[in-house]
file structure15.txt (compact mmCIF, N, CA and C atoms)
# COMPACT_ATOMS: atom_id res chain seq x y z
N MET A 27 -14.10 44.26 -4.61
CA MET A 27 -13.92 43.08 -3.81
C MET A 27 -13.62 43.49 -2.37
N GLU A 28 -14.18 42.75 -1.44
CA GLU A 28 -13.92 43.04 -0.04
C GLU A 28 -13.00 41.99 0.54
N LYS A 29 -12.09 42.46 1.34
CA LYS A 29 -11.15 41.58 2.03
C LYS A 29 -11.09 42.06 3.47
N ASP A 30 -11.53 41.23 4.39
CA ASP A 30 -11.61 41.59 5.81
C ASP A 30 -12.49 42.82 6.02
N GLY A 31 -13.57 42.94 5.24
CA GLY A 31 -14.50 44.05 5.39
C GLY A 31 -14.03 45.35 4.78
N VAL A 32 -12.88 45.35 4.09
CA VAL A 32 -12.33 46.57 3.50
C VAL A 32 -12.27 46.39 1.98
N LEU A 33 -12.77 47.40 1.28
CA LEU A 33 -12.71 47.37 -0.18
C LEU A 33 -11.27 47.66 -0.58
N TRP A 34 -10.61 46.70 -1.22
CA TRP A 34 -9.18 46.85 -1.52
C TRP A 34 -8.88 47.07 -2.98
N ARG A 35 -9.90 47.07 -3.83
CA ARG A 35 -9.67 47.43 -5.23
C ARG A 35 -10.91 48.13 -5.77
N PRO A 36 -10.74 48.89 -6.84
CA PRO A 36 -11.86 49.70 -7.38
C PRO A 36 -13.06 48.84 -7.78
N PRO A 37 -14.26 49.45 -7.77
CA PRO A 37 -15.47 48.72 -8.15
C PRO A 37 -15.44 48.20 -9.58
N ARG A 38 -14.73 48.88 -10.46
CA ARG A 38 -14.54 48.44 -11.84
C ARG A 38 -13.04 48.46 -12.11
N SER A 39 -12.63 47.78 -13.15
CA SER A 39 -11.22 47.88 -13.52
C SER A 39 -10.97 49.24 -14.14
N CYS A 40 -9.75 49.73 -14.02
CA CYS A 40 -9.42 51.04 -14.57
C CYS A 40 -9.62 51.07 -16.08
N SER A 41 -9.41 49.94 -16.74
CA SER A 41 -9.61 49.91 -18.19
C SER A 41 -11.07 50.16 -18.56
N GLU A 42 -12.00 49.79 -17.69
CA GLU A 42 -13.42 50.06 -17.96
C GLU A 42 -13.71 51.55 -17.93
N TYR A 43 -13.10 52.27 -16.98
CA TYR A 43 -13.27 53.72 -16.95
C TYR A 43 -12.69 54.36 -18.21
N TRP A 44 -11.52 53.86 -18.64
CA TRP A 44 -10.89 54.40 -19.84
C TRP A 44 -11.75 54.11 -21.06
N SER A 45 -12.33 52.91 -21.15
CA SER A 45 -13.21 52.56 -22.27
C SER A 45 -14.45 53.46 -22.29
N GLU A 46 -15.02 53.71 -21.13
CA GLU A 46 -16.19 54.60 -21.05
C GLU A 46 -15.82 56.01 -21.50
N PHE A 47 -14.64 56.46 -21.11
CA PHE A 47 -14.18 57.79 -21.52
C PHE A 47 -13.99 57.85 -23.03
N LYS A 48 -13.35 56.84 -23.61
CA LYS A 48 -13.14 56.81 -25.06
C LYS A 48 -14.48 56.76 -25.80
N HIS A 49 -15.41 55.96 -25.30
CA HIS A 49 -16.74 55.87 -25.93
C HIS A 49 -17.44 57.23 -25.86
N CYS A 50 -17.34 57.88 -24.71
CA CYS A 50 -18.00 59.17 -24.52
C CYS A 50 -17.45 60.21 -25.50
N LYS A 51 -16.15 60.14 -25.79
CA LYS A 51 -15.51 61.11 -26.68
C LYS A 51 -15.68 60.76 -28.15
N SER A 52 -16.22 59.59 -28.46
CA SER A 52 -16.33 59.16 -29.85
C SER A 52 -17.31 60.05 -30.62
N LEU A 53 -17.06 60.17 -31.91
CA LEU A 53 -17.90 61.00 -32.76
C LEU A 53 -19.34 60.48 -32.79
N ARG A 54 -19.49 59.18 -32.86
CA ARG A 54 -20.83 58.59 -32.91
C ARG A 54 -21.63 58.92 -31.64
N ASN A 55 -21.00 58.77 -30.48
CA ASN A 55 -21.69 59.05 -29.23
C ASN A 55 -22.02 60.54 -29.11
N ARG A 56 -21.07 61.39 -29.51
CA ARG A 56 -21.33 62.83 -29.44
C ARG A 56 -22.50 63.22 -30.35
N PHE A 57 -22.55 62.65 -31.54
CA PHE A 57 -23.65 62.95 -32.46
C PHE A 57 -24.98 62.48 -31.88
N GLN A 58 -25.02 61.25 -31.37
CA GLN A 58 -26.26 60.72 -30.82
C GLN A 58 -26.71 61.53 -29.60
N HIS A 59 -25.78 61.89 -28.73
CA HIS A 59 -26.12 62.66 -27.54
C HIS A 59 -26.65 64.04 -27.94
N TYR A 60 -26.01 64.66 -28.92
CA TYR A 60 -26.47 65.97 -29.38
C TYR A 60 -27.86 65.86 -30.00
N TYR A 61 -28.10 64.79 -30.76
CA TYR A 61 -29.42 64.57 -31.37
C TYR A 61 -30.49 64.38 -30.30
N ALA A 62 -30.18 63.59 -29.26
CA ALA A 62 -31.18 63.27 -28.24
C ALA A 62 -31.36 64.38 -27.21
N HIS A 63 -30.27 65.05 -26.84
CA HIS A 63 -30.34 66.00 -25.73
C HIS A 63 -30.07 67.45 -26.12
N GLY A 64 -29.56 67.67 -27.33
CA GLY A 64 -29.30 69.02 -27.77
C GLY A 64 -28.00 69.62 -27.25
N THR A 65 -27.21 68.82 -26.56
CA THR A 65 -25.92 69.28 -26.03
C THR A 65 -24.87 68.21 -26.27
N SER A 66 -23.64 68.62 -26.18
CA SER A 66 -22.54 67.67 -26.29
C SER A 66 -22.36 66.98 -24.94
N PRO A 67 -22.03 65.68 -24.90
CA PRO A 67 -21.90 65.00 -23.62
C PRO A 67 -20.67 65.49 -22.84
N SER A 68 -20.80 65.48 -21.52
CA SER A 68 -19.67 65.82 -20.66
C SER A 68 -18.96 64.53 -20.28
N CYS A 69 -17.72 64.41 -20.70
CA CYS A 69 -16.96 63.19 -20.47
C CYS A 69 -15.94 63.35 -19.35
N GLN A 70 -15.92 64.52 -18.74
CA GLN A 70 -14.90 64.81 -17.74
C GLN A 70 -14.95 63.86 -16.55
N GLN A 71 -16.16 63.45 -16.13
CA GLN A 71 -16.26 62.57 -14.96
C GLN A 71 -15.61 61.22 -15.22
N TRP A 72 -15.75 60.69 -16.45
CA TRP A 72 -15.10 59.42 -16.77
C TRP A 72 -13.58 59.55 -16.70
N LYS A 73 -13.06 60.68 -17.17
CA LYS A 73 -11.61 60.90 -17.12
C LYS A 73 -11.14 61.03 -15.67
N GLU A 74 -11.89 61.77 -14.86
CA GLU A 74 -11.54 61.90 -13.44
C GLU A 74 -11.60 60.55 -12.74
N ASP A 75 -12.61 59.75 -13.06
CA ASP A 75 -12.74 58.43 -12.45
C ASP A 75 -11.57 57.53 -12.85
N TYR A 76 -11.15 57.62 -14.10
CA TYR A 76 -9.99 56.84 -14.54
C TYR A 76 -8.74 57.26 -13.78
N ASP A 77 -8.55 58.56 -13.66
CA ASP A 77 -7.38 59.07 -12.93
C ASP A 77 -7.41 58.63 -11.46
N MET A 78 -8.58 58.71 -10.83
CA MET A 78 -8.71 58.29 -9.43
C MET A 78 -8.45 56.78 -9.29
N CYS A 79 -8.92 56.01 -10.25
CA CYS A 79 -8.74 54.57 -10.22
C CYS A 79 -7.26 54.21 -10.30
N THR A 80 -6.56 54.83 -11.24
CA THR A 80 -5.13 54.51 -11.37
C THR A 80 -4.36 54.98 -10.14
N THR A 81 -4.74 56.11 -9.56
CA THR A 81 -4.10 56.59 -8.33
C THR A 81 -4.35 55.61 -7.19
N TRP A 82 -5.59 55.13 -7.10
CA TRP A 82 -5.94 54.18 -6.05
C TRP A 82 -5.14 52.89 -6.20
N GLU A 83 -5.07 52.37 -7.43
CA GLU A 83 -4.36 51.10 -7.64
C GLU A 83 -2.85 51.23 -7.43
N LYS A 84 -2.27 52.33 -7.90
CA LYS A 84 -0.82 52.47 -7.81
C LYS A 84 -0.34 52.93 -6.44
N CYS A 85 -1.03 53.91 -5.86
CA CYS A 85 -0.55 54.54 -4.63
C CYS A 85 -1.35 54.17 -3.39
N LYS A 86 -2.45 53.43 -3.55
CA LYS A 86 -3.34 53.09 -2.44
C LYS A 86 -3.81 54.35 -1.70
N ASP A 87 -4.08 55.41 -2.46
CA ASP A 87 -4.50 56.70 -1.91
C ASP A 87 -5.95 56.62 -1.43
N GLN A 88 -6.18 56.93 -0.15
CA GLN A 88 -7.53 56.87 0.42
C GLN A 88 -8.43 57.97 -0.14
N GLY A 89 -7.86 59.13 -0.44
CA GLY A 89 -8.65 60.21 -1.03
C GLY A 89 -9.19 59.82 -2.39
N ALA A 90 -8.35 59.17 -3.20
CA ALA A 90 -8.78 58.71 -4.51
C ALA A 90 -9.85 57.63 -4.37
N LYS A 91 -9.68 56.79 -3.38
CA LYS A 91 -10.66 55.72 -3.13
C LYS A 91 -12.02 56.32 -2.80
N GLU A 92 -12.04 57.27 -1.88
CA GLU A 92 -13.32 57.89 -1.48
C GLU A 92 -13.95 58.66 -2.65
N ALA A 93 -13.14 59.35 -3.43
CA ALA A 93 -13.67 60.10 -4.58
C ALA A 93 -14.28 59.15 -5.60
N LEU A 94 -13.62 58.04 -5.87
CA LEU A 94 -14.12 57.08 -6.85
C LEU A 94 -15.40 56.40 -6.35
N LEU A 95 -15.42 56.01 -5.09
CA LEU A 95 -16.62 55.38 -4.54
C LEU A 95 -17.79 56.36 -4.52
N SER A 96 -17.52 57.61 -4.21
CA SER A 96 -18.57 58.63 -4.22
C SER A 96 -19.12 58.82 -5.63
N SER A 97 -18.24 58.83 -6.61
CA SER A 97 -18.67 58.97 -8.00
C SER A 97 -19.53 57.79 -8.43
N GLU A 98 -19.14 56.58 -8.04
CA GLU A 98 -19.94 55.39 -8.38
C GLU A 98 -21.31 55.45 -7.71
N ARG A 99 -21.34 55.87 -6.45
CA ARG A 99 -22.63 55.97 -5.74
C ARG A 99 -23.55 56.98 -6.42
N SER A 100 -23.01 58.13 -6.81
CA SER A 100 -23.84 59.14 -7.46
C SER A 100 -24.31 58.65 -8.83
N ARG A 101 -23.46 57.90 -9.54
CA ARG A 101 -23.85 57.36 -10.85
C ARG A 101 -25.01 56.36 -10.68
N LEU A 102 -24.92 55.51 -9.66
CA LEU A 102 -26.01 54.55 -9.41
C LEU A 102 -27.29 55.25 -8.98
N ALA A 103 -27.17 56.28 -8.15
CA ALA A 103 -28.35 57.03 -7.72
C ALA A 103 -29.01 57.71 -8.91
N GLU A 104 -28.21 58.21 -9.83
CA GLU A 104 -28.73 58.86 -11.03
C GLU A 104 -29.51 57.86 -11.89
N GLN A 105 -29.01 56.64 -12.00
CA GLN A 105 -29.70 55.62 -12.79
C GLN A 105 -31.02 55.21 -12.16
N LYS A 106 -31.07 55.18 -10.84
CA LYS A 106 -32.27 54.69 -10.15
C LYS A 106 -33.41 55.70 -10.12
N LYS A 107 -33.13 56.97 -10.40
CA LYS A 107 -34.20 57.96 -10.27
C LYS A 107 -35.13 58.01 -11.47
N PHE A 108 -34.83 57.27 -12.55
CA PHE A 108 -35.71 57.22 -13.70
C PHE A 108 -36.72 56.10 -13.51
N THR A 109 -37.97 56.40 -13.87
CA THR A 109 -39.01 55.39 -13.75
C THR A 109 -39.07 54.58 -15.04
N PRO A 110 -39.49 53.33 -14.97
CA PRO A 110 -39.59 52.51 -16.18
C PRO A 110 -40.64 53.07 -17.15
N VAL A 111 -40.42 52.88 -18.42
CA VAL A 111 -41.35 53.35 -19.43
C VAL A 111 -42.61 52.48 -19.43
N TRP A 112 -42.41 51.17 -19.29
CA TRP A 112 -43.53 50.23 -19.35
C TRP A 112 -43.88 49.78 -17.94
N GLU A 113 -45.17 49.57 -17.72
CA GLU A 113 -45.62 49.00 -16.45
C GLU A 113 -45.49 47.48 -16.56
N LEU A 114 -44.77 46.88 -15.63
CA LEU A 114 -44.57 45.44 -15.66
C LEU A 114 -45.81 44.71 -15.19
N ARG A 115 -46.11 43.60 -15.85
CA ARG A 115 -47.26 42.79 -15.46
C ARG A 115 -46.93 41.96 -14.23
N ARG A 116 -47.93 41.75 -13.41
CA ARG A 116 -47.76 40.86 -12.26
C ARG A 116 -48.30 39.46 -12.58
N VAL A 117 -49.29 39.41 -13.47
CA VAL A 117 -49.87 38.13 -13.91
C VAL A 117 -50.07 38.21 -15.42
N PRO A 118 -50.05 37.07 -16.12
CA PRO A 118 -50.28 37.09 -17.57
C PRO A 118 -51.75 37.37 -17.88
N PRO A 119 -52.05 37.79 -19.11
CA PRO A 119 -53.45 37.97 -19.49
C PRO A 119 -54.21 36.65 -19.40
N LYS A 120 -55.51 36.72 -19.20
CA LYS A 120 -56.32 35.51 -19.00
C LYS A 120 -56.30 34.61 -20.23
N ASP A 121 -56.23 35.19 -21.42
CA ASP A 121 -56.27 34.37 -22.63
C ASP A 121 -54.88 34.23 -23.28
N TRP A 122 -53.86 34.19 -22.48
CA TRP A 122 -52.49 34.14 -23.02
C TRP A 122 -52.22 32.85 -23.80
N HIS A 123 -52.92 31.77 -23.50
CA HIS A 123 -52.66 30.49 -24.14
C HIS A 123 -53.46 30.29 -25.44
N MET A 124 -54.36 31.20 -25.74
CA MET A 124 -55.19 31.09 -26.93
C MET A 124 -54.40 31.51 -28.17
N PRO A 125 -54.73 30.95 -29.35
CA PRO A 125 -54.06 31.39 -30.58
C PRO A 125 -54.44 32.84 -30.89
N LEU A 126 -53.54 33.52 -31.56
CA LEU A 126 -53.80 34.91 -31.92
C LEU A 126 -54.81 34.97 -33.04
N ASN A 127 -55.71 35.92 -32.97
CA ASN A 127 -56.69 36.14 -34.02
C ASN A 127 -56.23 37.37 -34.79
N HIS A 128 -55.60 37.15 -35.93
CA HIS A 128 -55.04 38.25 -36.71
C HIS A 128 -56.11 39.05 -37.46
N GLU A 129 -57.30 38.48 -37.61
CA GLU A 129 -58.34 39.17 -38.34
C GLU A 129 -59.09 40.16 -37.46
N ARG A 130 -59.04 39.97 -36.15
CA ARG A 130 -59.72 40.86 -35.22
C ARG A 130 -58.90 42.13 -35.04
N PRO A 131 -59.53 43.33 -35.11
CA PRO A 131 -58.77 44.57 -34.91
C PRO A 131 -58.24 44.65 -33.47
N GLN A 132 -57.07 45.21 -33.34
CA GLN A 132 -56.45 45.36 -32.03
C GLN A 132 -57.11 46.50 -31.25
N ASP A 133 -57.19 46.35 -29.93
CA ASP A 133 -57.67 47.44 -29.08
C ASP A 133 -56.54 48.46 -28.96
N SER A 134 -56.86 49.74 -29.13
CA SER A 134 -55.84 50.76 -29.00
C SER A 134 -56.28 51.84 -28.06
call {"tool": "encode", "arguments": {"input": "structure15.txt", "output": "structure tokens"}}
result
Amino acid sequence: MEKDGVLWRPPRSCSEYWSEFKHCKSLRNRFQHYYAHGTSPSCQQWKEDYDMCTTWEKCKDQGAKEALLSSERSRLAEQKKFTPVWELRRVPPKDWHMPLNHERPQDS
């Protein structure tokens, strides 16, 4: 939230960082991450973000604020660098309103 052009509280609540950390450390998440990526997930950043958030809220520490905002920016940049799997349509197919013909083989 901005007040007079200054961000005066963290982008997320501190409990959200703690929840993300707990989820990251869960057995189910570790198993899935190992299955998908072949490595155990690194949860340290969530813990650091939680610590920075609580420091920011309790002590109004500017260093904690900058570290947390930097972490959020890098997390968003990381999410944006992946391309979508599917190409989005700009217009519907020409025969979108026609009934489906289940007997006709699909084009593959």
call {"tool": "atom_distance", "arguments": {"input": "structure15.txt", "atom1": "atom N of Lys91 (chain A)", "atom2": "atom N of Met78 (chain A)"}}
result
7.8 Å
call {"tool": "atom_distance", "arguments": {"input": "structure15.txt", "atom1": "CA of Cys79 (chain A)", "atom2": "CA of Arg38 (chain A)"}}
result
8.6 Å
call {"tool": "atom_distance", "arguments": {"input": "structure15.txt", "atom1": "atom N of Lys48 (chain A)", "atom2": "CA of Asp75 (chain A)"}}
result
11.3 Å
call {"tool": "residues_around", "arguments": {"input": "structure15.txt", "residues": "Arg101 (chain A)", "least_positions_apart": "5", "cutoff": "12 Å", "atoms": "only C-alpha atoms", "output": "list in words"}}
result
Gln71, Trp72, Asp75, Leu94, Leu95, Ser96, Lys106 and Lys107 of chain A
call {"tool": "select_by_dssp", "arguments": {"input": "structure15.txt", "residues": "chain A", "states": "strand (DSSP E or B)", "output": "mmCIF file with N, CA and C atoms, keeping the file's coordinate frame"}}
result
data_model
loop_
_atom_site.group_PDB
_atom_site.id
_atom_site.type_symbol
_atom_site.label_atom_id
_atom_site.label_comp_id
_atom_site.auth_asym_id
_atom_site.auth_seq_id
_atom_site.Cartn_x
_atom_site.Cartn_y
_atom_site.Cartn_z
ATOM 1 N N GLU A 28 -14.180 42.750 -1.440
ATOM 2 C CA GLU A 28 -13.920 43.040 -0.040
ATOM 3 C C GLU A 28 -13.000 41.990 0.540
ATOM 4 N N LYS A 29 -12.090 42.460 1.340
ATOM 5 C CA LYS A 29 -11.150 41.580 2.030
ATOM 6 C C LYS A 29 -11.090 42.060 3.470
ATOM 7 N N VAL A 32 -12.880 45.350 4.090
ATOM 8 C CA VAL A 32 -12.330 46.570 3.500
ATOM 9 C C VAL A 32 -12.270 46.390 1.980
ATOM 10 N N LEU A 33 -12.770 47.400 1.280
ATOM 11 C CA LEU A 33 -12.710 47.370 -0.180
ATOM 12 C C LEU A 33 -11.270 47.660 -0.580
#
call {"tool": "residues_around", "arguments": {"input": "structure15.txt", "residues": "Glu92 (chain A)", "least_positions_apart": "2", "cutoff": "12 Å", "atoms": "only C-alpha atoms", "output": "PyMOL selection string"}}
result
chain A and resi 33-37+75+78-79+81-82+86-90+94-99
call {"tool": "decode", "arguments": {"input": "structure15.txt", "residues": "region 61-82 of chain A", "atoms": "N, CA and C atoms", "output": "PDB file, in the first residue's frame"}}
result
ATOM      1  N   TYR A  61      10.627 -34.918  -8.154  1.00  0.00           N
ATOM      2  CA  TYR A  61      10.139 -35.666  -9.318  1.00  0.00           C
ATOM      3  C   TYR A  61      10.245 -34.825 -10.591  1.00  0.00           C
ATOM      4  N   ALA A  62       9.867 -33.547 -10.508  1.00  0.00           N
ATOM      5  CA  ALA A  62       9.837 -32.689 -11.698  1.00  0.00           C
ATOM      6  C   ALA A  62      11.216 -32.155 -12.079  1.00  0.00           C
ATOM      7  N   HIS A  63      12.037 -31.828 -11.077  1.00  0.00           N
ATOM      8  CA  HIS A  63      13.297 -31.137 -11.368  1.00  0.00           C
ATOM      9  C   HIS A  63      14.548 -31.934 -11.013  1.00  0.00           C
ATOM     10  N   GLY A  64      14.380 -33.017 -10.265  1.00  0.00           N
ATOM     11  CA  GLY A  64      15.524 -33.830  -9.909  1.00  0.00           C
ATOM     12  C   GLY A  64      16.341 -33.295  -8.742  1.00  0.00           C
ATOM     13  N   THR A  65      15.869 -32.236  -8.112  1.00  0.00           N
ATOM     14  CA  THR A  65      16.557 -31.654  -6.958  1.00  0.00           C
ATOM     15  C   THR A  65      15.533 -31.307  -5.891  1.00  0.00           C
ATOM     16  N   SER A  66      16.028 -31.123  -4.696  1.00  0.00           N
ATOM     17  CA  SER A  66      15.162 -30.685  -3.607  1.00  0.00           C
ATOM     18  C   SER A  66      14.973 -29.169  -3.716  1.00  0.00           C
ATOM     19  N   PRO A  67      13.785 -28.635  -3.407  1.00  0.00           N
ATOM     20  CA  PRO A  67      13.570 -27.196  -3.548  1.00  0.00           C
ATOM     21  C   PRO A  67      14.369 -26.404  -2.509  1.00  0.00           C
ATOM     22  N   SER A  68      14.786 -25.213  -2.901  1.00  0.00           N
ATOM     23  CA  SER A  68      15.466 -24.315  -1.973  1.00  0.00           C
ATOM     24  C   SER A  68      14.419 -23.390  -1.362  1.00  0.00           C
ATOM     25  N   CYS A  69      14.241 -23.494  -0.069  1.00  0.00           N
ATOM     26  CA  CYS A  69      13.216 -22.711   0.620  1.00  0.00           C
ATOM     27  C   CYS A  69      13.807 -21.540   1.385  1.00  0.00           C
ATOM     28  N   GLN A  70      15.107 -21.366   1.291  1.00  0.00           N
ATOM     29  CA  GLN A  70      15.782 -20.345   2.083  1.00  0.00           C
ATOM     30  C   GLN A  70      15.269 -18.941   1.781  1.00  0.00           C
ATOM     31  N   GLN A  71      14.953 -18.653   0.512  1.00  0.00           N
ATOM     32  CA  GLN A  71      14.507 -17.297   0.165  1.00  0.00           C
ATOM     33  C   GLN A  71      13.186 -16.958   0.840  1.00  0.00           C
ATOM     34  N   TRP A  72      12.277 -17.936   0.953  1.00  0.00           N
ATOM     35  CA  TRP A  72      11.011 -17.679   1.645  1.00  0.00           C
ATOM     36  C   TRP A  72      11.248 -17.355   3.116  1.00  0.00           C
ATOM     37  N   LYS A  73      12.193 -18.064   3.735  1.00  0.00           N
ATOM     38  CA  LYS A  73      12.508 -17.812   5.143  1.00  0.00           C
ATOM     39  C   LYS A  73      13.133 -16.429   5.304  1.00  0.00           C
ATOM     40  N   GLU A  74      14.053 -16.072   4.416  1.00  0.00           N
ATOM     41  CA  GLU A  74      14.671 -14.743   4.468  1.00  0.00           C
ATOM     42  C   GLU A  74      13.626 -13.653   4.255  1.00  0.00           C
ATOM     43  N   ASP A  75      12.708 -13.882   3.317  1.00  0.00           N
ATOM     44  CA  ASP A  75      11.656 -12.895   3.062  1.00  0.00           C
ATOM     45  C   ASP A  75      10.754 -12.733   4.280  1.00  0.00           C
ATOM     46  N   TYR A  76      10.444 -13.829   4.948  1.00  0.00           N
ATOM     47  CA  TYR A  76       9.635 -13.746   6.161  1.00  0.00           C
ATOM     48  C   TYR A  76      10.366 -12.946   7.235  1.00  0.00           C
ATOM     49  N   ASP A  77      11.643 -13.232   7.412  1.00  0.00           N
ATOM     50  CA  ASP A  77      12.431 -12.501   8.408  1.00  0.00           C
ATOM     51  C   ASP A  77      12.504 -11.007   8.068  1.00  0.00           C
ATOM     52  N   MET A  78      12.717 -10.686   6.798  1.00  0.00           N
ATOM     53  CA  MET A  78      12.773  -9.275   6.378  1.00  0.00           C
ATOM     54  C   MET A  78      11.418  -8.590   6.589  1.00  0.00           C
ATOM     55  N   CYS A  79      10.347  -9.313   6.320  1.00  0.00           N
ATOM     56  CA  CYS A  79       9.006  -8.759   6.482  1.00  0.00           C
ATOM     57  C   CYS A  79       8.732  -8.422   7.945  1.00  0.00           C
ATOM     58  N   THR A  80       9.053  -9.354   8.827  1.00  0.00           N
ATOM     59  CA  THR A  80       8.801  -9.084  10.253  1.00  0.00           C
ATOM     60  C   THR A  80       9.689  -7.962  10.752  1.00  0.00           C
ATOM     61  N   THR A  81      10.928  -7.886  10.274  1.00  0.00           N
ATOM     62  CA  THR A  81      11.822  -6.784  10.653  1.00  0.00           C
ATOM     63  C   THR A  81      11.264  -5.461  10.158  1.00  0.00           C
ATOM     64  N   TRP A  82      10.765  -5.458   8.928  1.00  0.00           N
ATOM     65  CA  TRP A  82      10.198  -4.239   8.358  1.00  0.00           C
ATOM     66  C   TRP A  82       8.984  -3.783   9.164  1.00  0.00           C
TER      67      TRP A  82
END
